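Quick notes on the structure that follows.
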Amino acid sequence: MNYHHYNPRQAALAEARALLEKAAAAAMAAGALPEAELPAFIVEIPADVKNGDVAANLAMAGARVFRKAPRQIAEAIVGALDLTGSLFERAEIAGPGFINLFLGSGWFTGVLRAACSESDYGRTDGGAGKRYNVEFVSANPTGPMHMGNARGGALGDCLAACLDWAGYEVTREFYINDAGNQIEKFGKSLAVRYLQLYKGEEACPLPAECYQGADIVAHAKNFAAEHGDAYVDGDFEQLKKDITAFALPQNIEGLQRDLGKYRIRYDVWFHESDLHAAGAVQAVVDKLLQSGACYKAEDGAIMYRSAQYAAKYGVVNKKKTDSGEEEAKDEVLVRANGIPTYFAADIAYHYNKLAVRGFDKAIDVWGADHHGHVARMKGAMDAVGLDGSRLDVVLMQMVNLMRDGKPVRMSKRTGKAITLTDLLDEVPIDSARFFFNMRESSSTLDFDLDLAVRSDSENPVYYVQYAHARICSLLKKLDAAGIAFAGPEAVDAAVLTDASEQALIRLLAAFPAEIAAAAERYDPARITRFVIDLATAFHRFYNACRILEAEGAVREGRIALCLAVRGVIRNVLTMFKIEAPETM
RNA sequence: GCGCUCGUGGCGCAGCUGGAUAGCGCGUGUGACUCCGACUCACAAGGCCGCAGGUUCGAAUCCUGUCGGGCGCACCA
């Protein structure tokens, strides 16, 4: 058998469904069941192995159409069930009418062989090579990255990895907001700080809306070191322009450097300024004006009709009218002064992703504080003639950094909010990437700084890595003892009868389906949890079963188990760009 | 006020496209190495799944309402 892209759990579920449908048809043909259209039913993996490997609710779901008691229906179907040549060896009727199917050892053997022979076991092709663009972090280049960016980085990168493993063609992208209002503000802040160096702070105070950070002052000093006082008496706008051109590329390089240290490599760094320069923002605004999705307001601003397009996707911004009633509030696309808002640029950007570059799907990872923007953007995609459902947004809740059980907001060293680099100075990158993927994105995440640095099994990354190192050590010991593994083809899972062994094989079998589910639900955290469960199941097996001292087929089977578990742990950690150490 | 989101043992979380006795980690208590890495494992106690209705053979899961926490409602991004 070829185990390339093998998904054993899915194979078992699909075969169970087909067998049951066939049995139901046979029962109807034989008169054991009345003729009726088969109802929708589910096949699933029961929580408790006592209830079989696969369970179906067909009999219960069919009570109405067959006009019979569920258990009678189940008996008719099971009576007509032919399991010869299938993955299953027997069927039972249980409880209110569940049909429980039990897998034969062939399936277990297949799982073991696939998992210990295929180096990329877990990879499947359900994504069919569809082109997905995952955009994440996209931090403002005006300053350092914060905790939201840290979580978004780990989440987006690992989500992209899951999609890749599930068979999608993934592009990782960073959108650089190097245009618009905040760049203006950045330039102004820099220029004022520069002038302060020569004229003093009293003579040119920094406006309240400007960036206050020390990084701005540092840029200004560097600029002054290069150009001296040449700009002091010159044109302020020219100073702004030149000092921005001086500092912005440095900041962007800083983002690239810091994210690189965090092991994130983007395929595309997309500049917002390129959209403006190419006239793409203007073009999309024109398109919206033509289609009637926008209109020109009295003051000259171009307004976007919210209600019409956003209502389909949920929220629209509301405002109160003079009479106290609520109505949809239109959005400004281009200000009265002719400068487009970020919303206009964002539409052009997503148009570029979906229409110009032709991605099947654009997935954006955003902080939950931007949720109001989701319906707007999806609606806008409809308005420009695309389909809003091709844009998906993963909203991410806040991070609370915890020390001694209490939240910490500020860095002791700088007195400012803790940045991504502060975090990575304190916590291993392995821990950061793992911890940020322990909770699904929709939950707020408490990041335990004390736990993240611990080198013991309390720390889940450590616990998982330890399982990997333990297996490596064991395999070395086998090698030293001259015990060679006979190869996957010789493995027979039927001899692995211990509950801990079977539980481990079941977990191994779930791996490809887990990745597929993580990709489908945009939830890489389930893979983190999966690998913790796998490590737990391995340690349990290790305590219950001897490997070195076992003999014959049992030893072969257990070695295969070790190889398989090592492979899956390594695949998960490598996918998530976390070290899989052989010793520790 | 409107909207999004989260309420599950002392704490932190799974389970949520409806299923059979609600799982896991920490903490608490008791145990397991002359033995492959004890950086590990086992057993035990502990829960009317925020609350109230509804839908049906069956609800932690779906619907409605309600209470509580977080977030958002700019010609900022």
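In the structure tokens, each chain is lettered A, B, ... as it comes, each chain's residues begin at 1, and ligands are numbered from 1 in order of appearance.
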
Residues within 7 Å of stretch 29-44 of chain B, only C-alpha atoms (C1' of nucleotides), excluding chain neighbours under 5 positions, as a ChimeraX atom specification
/A:456-457,466,470,474,539-540,543,546-548

Could you turn the residues from that selection into a file that holds C-alpha atoms, as a PDB file, in the first residue's frame?
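Listed below is the output, selection-v1.pdb:
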```
ATOM      1  CA  ASP A 456      10.985  21.078  33.439  1.00  0.00           C
ATOM      2  CA  SER A 457       7.861  19.239  32.496  1.00  0.00           C
ATOM      3  CA  TYR A 466      11.671  15.931  26.274  1.00  0.00           C
ATOM      4  CA  ARG A 470      13.816  10.540  25.154  1.00  0.00           C
ATOM      5  CA  LEU A 474      16.249   5.175  23.286  1.00  0.00           C
ATOM      6  CA  HIS A 539       5.286   8.917  28.285  1.00  0.00           C
ATOM      7  CA  ARG A 540       2.433   6.742  29.494  1.00  0.00           C
ATOM      8  CA  ASN A 543       6.187   3.648  31.556  1.00  0.00           C
ATOM      9  CA  ARG A 546       9.450  -2.133  27.831  1.00  0.00           C
ATOM     10  CA  ILE A 547      11.061  -1.717  24.447  1.00  0.00           C
ATOM     11  CA  LEU A 548      14.686  -2.749  24.738  1.00  0.00           C
TER      12      LEU A 548
END
```

Distance limit 8 Å, atoms considered: only C-alpha atoms (C1' of nucleotides). Which chain B residues sit that close to chain A? Return them as a ChimeraX atom specification.
/B:2-6,19-20,36-37,39-41,57,71-73,75-77

Residue neighbourhood stretch 143-146 of chain A, 7 Å, only C-alpha atoms (C1' of nucleotides), exclusion window fewer than 4 positions, as number ranges by chain
A: 139, 150, 418-420

Mind writing the picked residues with N, CA, C and O atoms as a PDB file, in the first residue's frame?
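Output file result-v4.pdb follows:
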```pdb
ATOM      1  N   ALA A 139       2.717  45.181  11.208  1.00  0.00           N
ATOM      2  CA  ALA A 139       2.859  46.226  12.229  1.00  0.00           C
ATOM      3  C   ALA A 139       3.205  47.548  11.581  1.00  0.00           C
ATOM      4  O   ALA A 139       3.864  47.597  10.551  1.00  0.00           O
ATOM      5  N   ALA A 150       3.306  40.039  18.507  1.00  0.00           N
ATOM      6  CA  ALA A 150       3.992  38.796  18.887  1.00  0.00           C
ATOM      7  C   ALA A 150       3.037  37.609  18.756  1.00  0.00           C
ATOM      8  O   ALA A 150       3.380  36.568  18.189  1.00  0.00           O
ATOM      9  N   ILE A 418       5.843  46.524  26.905  1.00  0.00           N
ATOM     10  CA  ILE A 418       6.815  45.497  26.553  1.00  0.00           C
ATOM     11  C   ILE A 418       6.717  45.181  25.061  1.00  0.00           C
ATOM     12  O   ILE A 418       5.639  44.948  24.537  1.00  0.00           O
ATOM     13  N   THR A 419       7.849  45.192  24.396  1.00  0.00           N
ATOM     14  CA  THR A 419       7.863  44.965  22.950  1.00  0.00           C
ATOM     15  C   THR A 419       8.190  43.510  22.648  1.00  0.00           C
ATOM     16  O   THR A 419       8.559  42.743  23.538  1.00  0.00           O
ATOM     17  N   LEU A 420       8.041  43.171  21.368  1.00  0.00           N
ATOM     18  CA  LEU A 420       8.378  41.817  20.940  1.00  0.00           C
ATOM     19  C   LEU A 420       9.829  41.483  21.282  1.00  0.00           C
ATOM     20  O   LEU A 420      10.130  40.394  21.773  1.00  0.00           O
TER      21      LEU A 420
END
```

Name all residues at most 9 Å from stretch 516-518 of chain A (count only C-alpha atoms (C1' of nucleotides); drop same-chain ones fewer than 3 positions away) and give them as a list in words.
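Counting only C-alpha atoms (C1' of nucleotides), the residues come to Gly122, Arg123, Thr124, Gly126, Gly127, Leu159, Cys162, Leu163, Trp165, Ala166, Gly167, Phe511, Pro512, Ala513, Arg521, Tyr522, Asp523, Pro524, Ala525, Arg526 and Ile527 of chain A.
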
If you run DSSP on the backbone, which residues of stretch 246-401 of chain A are strand (DSSP E or B), as a PyMOL selection string?
chain A and resi 268-271+294-296+302-304+318-320+326-328+331-334+340+361-367+391-396+399-401

Please, could you write that set of residues out with N, CA, C and O atoms as a CSV table (one decimal), in the first residue's frame?
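See part.csv below for the written result:
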```
chain,number,residue,atom,x,y,z
A,268,VAL,N,6.3,37.8,0.8
A,268,VAL,CA,6.0,39.1,0.2
A,268,VAL,C,6.0,40.2,1.3
A,268,VAL,O,5.3,40.1,2.3
A,269,TRP,N,6.7,41.3,1.1
A,269,TRP,CA,6.6,42.5,1.9
A,269,TRP,C,5.9,43.5,1.0
A,269,TRP,O,6.6,44.0,0.0
A,270,PHE,N,4.7,43.8,1.2
A,270,PHE,CA,3.9,44.6,0.3
A,270,PHE,C,3.8,46.0,0.8
A,270,PHE,O,3.4,46.3,1.9
A,271,HIS,N,4.2,47.0,-0.1
A,271,HIS,CA,4.3,48.4,0.3
A,271,HIS,C,3.0,49.1,0.0
A,271,HIS,O,2.6,49.1,-1.2
A,294,CYS,N,-20.4,54.4,-4.1
A,294,CYS,CA,-19.9,55.6,-3.4
A,294,CYS,C,-20.6,56.8,-4.0
A,294,CYS,O,-21.1,56.7,-5.1
A,295,TYR,N,-20.5,57.9,-3.3
A,295,TYR,CA,-21.0,59.1,-3.9
A,295,TYR,C,-20.2,60.3,-3.3
A,295,TYR,O,-19.5,60.1,-2.3
A,296,LYS,N,-20.3,61.4,-4.0
A,296,LYS,CA,-19.6,62.6,-3.6
A,296,LYS,C,-20.4,63.4,-2.7
A,296,LYS,O,-21.6,63.7,-3.0
A,302,ILE,N,-15.5,61.8,-0.6
A,302,ILE,CA,-16.2,60.6,-1.3
A,302,ILE,C,-16.6,59.6,-0.2
A,302,ILE,O,-15.8,59.2,0.6
A,303,MET,N,-17.9,59.4,-0.2
A,303,MET,CA,-18.4,58.5,0.9
A,303,MET,C,-18.8,57.2,0.3
A,303,MET,O,-19.3,57.0,-0.8
A,304,TYR,N,-18.7,56.2,1.2
A,304,TYR,CA,-19.0,54.8,0.8
A,304,TYR,C,-20.3,54.4,1.5
A,304,TYR,O,-20.5,54.7,2.7
A,318,LYS,N,-23.4,52.5,13.1
A,318,LYS,CA,-24.7,53.2,13.2
A,318,LYS,C,-24.5,54.6,13.7
A,318,LYS,O,-23.5,55.0,14.3
A,319,LYS,N,-25.4,55.5,13.3
A,319,LYS,CA,-25.4,56.8,13.9
A,319,LYS,C,-26.9,57.2,14.3
A,319,LYS,O,-27.8,56.6,13.7
A,320,LYS,N,-27.0,58.1,15.2
A,320,LYS,CA,-28.3,58.5,15.5
A,320,LYS,C,-28.7,59.7,14.6
A,320,LYS,O,-27.9,60.6,14.4
A,326,GLU,N,-31.9,55.2,14.6
A,326,GLU,CA,-30.5,54.8,14.1
A,326,GLU,C,-30.5,54.5,12.6
A,326,GLU,O,-31.5,53.9,12.1
A,327,GLU,N,-29.5,54.9,12.0
A,327,GLU,CA,-29.4,54.5,10.6
A,327,GLU,C,-27.9,54.2,10.3
A,327,GLU,O,-27.0,54.6,11.1
A,328,ALA,N,-27.6,53.5,9.2
A,328,ALA,CA,-26.3,53.2,8.9
A,328,ALA,C,-25.5,54.5,8.6
A,328,ALA,O,-26.0,55.4,8.0
A,331,GLU,N,-19.2,55.7,5.3
A,331,GLU,CA,-17.8,55.8,5.6
A,331,GLU,C,-17.1,56.7,4.6
A,331,GLU,O,-17.4,56.8,3.5
A,332,VAL,N,-16.1,57.4,5.2
A,332,VAL,CA,-15.3,58.3,4.3
A,332,VAL,C,-14.3,57.5,3.6
A,332,VAL,O,-13.5,56.7,4.2
A,333,LEU,N,-14.2,57.6,2.3
A,333,LEU,CA,-13.2,56.9,1.5
A,333,LEU,C,-12.1,57.9,1.1
A,333,LEU,O,-10.9,57.6,1.2
A,334,VAL,N,-12.5,59.1,0.7
A,334,VAL,CA,-11.5,60.1,0.4
A,334,VAL,C,-12.0,61.4,1.1
A,334,VAL,O,-13.1,61.8,1.0
A,340,PRO,N,-7.0,60.1,0.5
A,340,PRO,CA,-7.8,58.9,0.8
A,340,PRO,C,-7.6,58.4,2.2
A,340,PRO,O,-6.5,58.5,2.8
A,361,LYS,N,-8.0,32.9,-1.8
A,361,LYS,CA,-8.5,33.4,-0.5
A,361,LYS,C,-7.5,34.3,0.1
A,361,LYS,O,-6.3,34.0,0.0
A,362,ALA,N,-7.9,35.4,0.7
A,362,ALA,CA,-7.1,36.2,1.5
A,362,ALA,C,-7.5,36.1,2.9
A,362,ALA,O,-8.6,36.3,3.3
A,363,ILE,N,-6.5,35.6,3.7
A,363,ILE,CA,-6.7,35.5,5.2
A,363,ILE,C,-5.9,36.6,5.9
A,363,ILE,O,-4.7,36.7,5.7
A,364,ASP,N,-6.6,37.4,6.7
A,364,ASP,CA,-6.0,38.4,7.4
A,364,ASP,C,-6.0,38.1,8.9
A,364,ASP,O,-7.1,37.7,9.4
A,365,VAL,N,-4.9,38.2,9.6
A,365,VAL,CA,-4.9,38.1,11.1
A,365,VAL,C,-4.9,39.5,11.7
A,365,VAL,O,-4.0,40.2,11.5
A,366,TRP,N,-6.0,39.8,12.4
A,366,TRP,CA,-6.1,41.1,13.0
A,366,TRP,C,-6.3,41.0,14.5
A,366,TRP,O,-6.9,40.0,15.0
A,367,GLY,N,-6.0,42.1,15.2
A,367,GLY,CA,-6.4,42.2,16.6
A,367,GLY,C,-7.9,42.4,16.7
A,367,GLY,O,-8.5,42.9,15.8
A,391,LEU,N,-12.5,36.8,1.4
A,391,LEU,CA,-11.7,37.4,2.5
A,391,LEU,C,-12.1,36.8,3.8
A,391,LEU,O,-13.3,36.9,4.2
A,392,ASP,N,-11.2,36.2,4.5
A,392,ASP,CA,-11.5,35.7,5.9
A,392,ASP,C,-10.6,36.5,6.8
A,392,ASP,O,-9.4,36.7,6.5
A,393,VAL,N,-11.1,36.8,8.0
A,393,VAL,CA,-10.3,37.5,9.0
A,393,VAL,C,-10.3,36.7,10.2
A,393,VAL,O,-11.3,36.3,10.7
A,394,VAL,N,-9.1,36.4,10.7
A,394,VAL,CA,-8.9,35.7,12.0
A,394,VAL,C,-8.7,36.8,13.0
A,394,VAL,O,-7.7,37.6,13.0
A,395,LEU,N,-9.7,36.9,13.9
A,395,LEU,CA,-9.6,38.0,15.0
A,395,LEU,C,-8.9,37.4,16.2
A,395,LEU,O,-9.2,36.2,16.6
A,396,MET,N,-8.1,38.1,16.8
A,396,MET,CA,-7.2,37.6,17.8
A,396,MET,C,-7.4,38.5,19.1
A,396,MET,O,-7.3,39.7,19.0
A,399,VAL,N,-3.4,39.8,24.7
A,399,VAL,CA,-2.4,39.0,25.5
A,399,VAL,C,-2.2,39.7,26.8
A,399,VAL,O,-2.0,40.9,26.9
A,400,ASN,N,-2.3,38.9,27.9
A,400,ASN,CA,-1.9,39.4,29.2
A,400,ASN,C,-0.6,38.7,29.6
A,400,ASN,O,-0.6,37.5,29.7
A,401,LEU,N,0.5,39.5,29.7
A,401,LEU,CA,1.7,38.9,30.2
A,401,LEU,C,1.6,38.8,31.7
A,401,LEU,O,1.2,39.7,32.4
```

Give me the residues near B:G12 as a list in words, where near means some atom within 12 Å (using only C-alpha atoms (C1' of nucleotides)) and where sequence neighbours in that chain fewer than 3 positions away do not count.
Gly405, Met438, Arg439, Thr444, Leu445, Asp446, Phe447 and Asp448 of chain A; U8, G9, C24, G25, C26 and G27 of chain B

Identify, with DSSP run on backbone atoms, the residues in stretch 120-204 of chain A assigned to helix (DSSP H, G or I), and express the list as a ChimeraX atom specification.
/A:147-165,181-199

Generate a file of the selected residues that holds C-alpha atoms, formatted as an mmCIF file, in the first residue's frame.
```cif
data_model
loop_
_atom_site.group_PDB
_atom_site.id
_atom_site.type_symbol
_atom_site.label_atom_id
_atom_site.label_comp_id
_atom_site.auth_asym_id
_atom_site.auth_seq_id
_atom_site.Cartn_x
_atom_site.Cartn_y
_atom_site.Cartn_z
ATOM 1 C CA MET A 147 2.436 41.845 22.236
ATOM 2 C CA GLY A 148 -0.385 41.759 19.732
ATOM 3 C CA ASN A 149 2.192 41.547 16.971
ATOM 4 C CA ALA A 150 3.992 38.796 18.887
ATOM 5 C CA ARG A 151 0.846 36.711 19.126
ATOM 6 C CA GLY A 152 -0.159 37.523 15.590
ATOM 7 C CA GLY A 153 3.257 36.479 14.333
ATOM 8 C CA ALA A 154 3.186 33.074 15.964
ATOM 9 C CA LEU A 155 -0.446 32.562 15.035
ATOM 10 C CA GLY A 156 -0.161 33.651 11.426
ATOM 11 C CA ASP A 157 3.044 31.790 10.738
ATOM 12 C CA CYS A 158 1.764 28.538 12.239
ATOM 13 C CA LEU A 159 -1.624 28.906 10.580
ATOM 14 C CA ALA A 160 0.198 29.270 7.279
ATOM 15 C CA ALA A 161 2.150 26.109 8.088
ATOM 16 C CA CYS A 162 -1.055 24.183 8.797
ATOM 17 C CA LEU A 163 -2.562 25.360 5.519
ATOM 18 C CA ASP A 164 0.589 24.332 3.705
ATOM 19 C CA TRP A 165 0.439 20.855 5.244
ATOM 20 C CA ASN A 181 -1.678 59.649 8.158
ATOM 21 C CA GLN A 182 0.557 57.791 10.533
ATOM 22 C CA ILE A 183 3.530 58.306 8.259
ATOM 23 C CA GLU A 184 2.762 62.017 8.258
ATOM 24 C CA LYS A 185 2.726 61.899 12.014
ATOM 25 C CA PHE A 186 5.954 59.914 12.021
ATOM 26 C CA GLY A 187 7.642 62.512 9.817
ATOM 27 C CA LYS A 188 6.380 65.383 11.945
ATOM 28 C CA SER A 189 7.592 63.699 15.131
ATOM 29 C CA LEU A 190 11.023 63.120 13.635
ATOM 30 C CA ALA A 191 11.278 66.649 12.278
ATOM 31 C CA VAL A 192 10.326 68.238 15.579
ATOM 32 C CA ARG A 193 12.806 66.081 17.468
ATOM 33 C CA TYR A 194 15.474 67.111 14.996
ATOM 34 C CA LEU A 195 14.745 70.801 15.425
ATOM 35 C CA GLN A 196 14.732 70.383 19.184
ATOM 36 C CA LEU A 197 18.361 69.309 18.970
ATOM 37 C CA TYR A 198 19.273 72.775 17.749
ATOM 38 C CA LYS A 199 16.585 75.008 19.144
#
```

Find the residues near B:G53: any atom within 12 Å, counting only C-alpha atoms (C1' of nucleotides), skip ones fewer than 5 places away on the same chain, and give them as a PyMOL selection string.
chain B and resi 63-66

Neighbouring residues of B:A59 were defined as those with any atom within 12 Å, considering only C-alpha atoms (C1' of nucleotides); residues of the same chain fewer than 4 positions away were excluded. Please report them as a list in words.
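Near neighbours after the sequence-gap exclusion: C16, G18, G19, C49, G54, U55 and C63 of chain B.
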
Compare A:Ala297, A:Ala11, A:Ala59, A:Ile264 by their minimum atom-to-atom distance to A:Phe136, counting only C-alpha atoms, and give me the closest one.
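Answer, going by the shortest atom-to-atom distance: A:Ile264.
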
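Distance-wise, atom CA of A:Gly567 and atom CA of A:Ala114 end up 10.6 Å apart.
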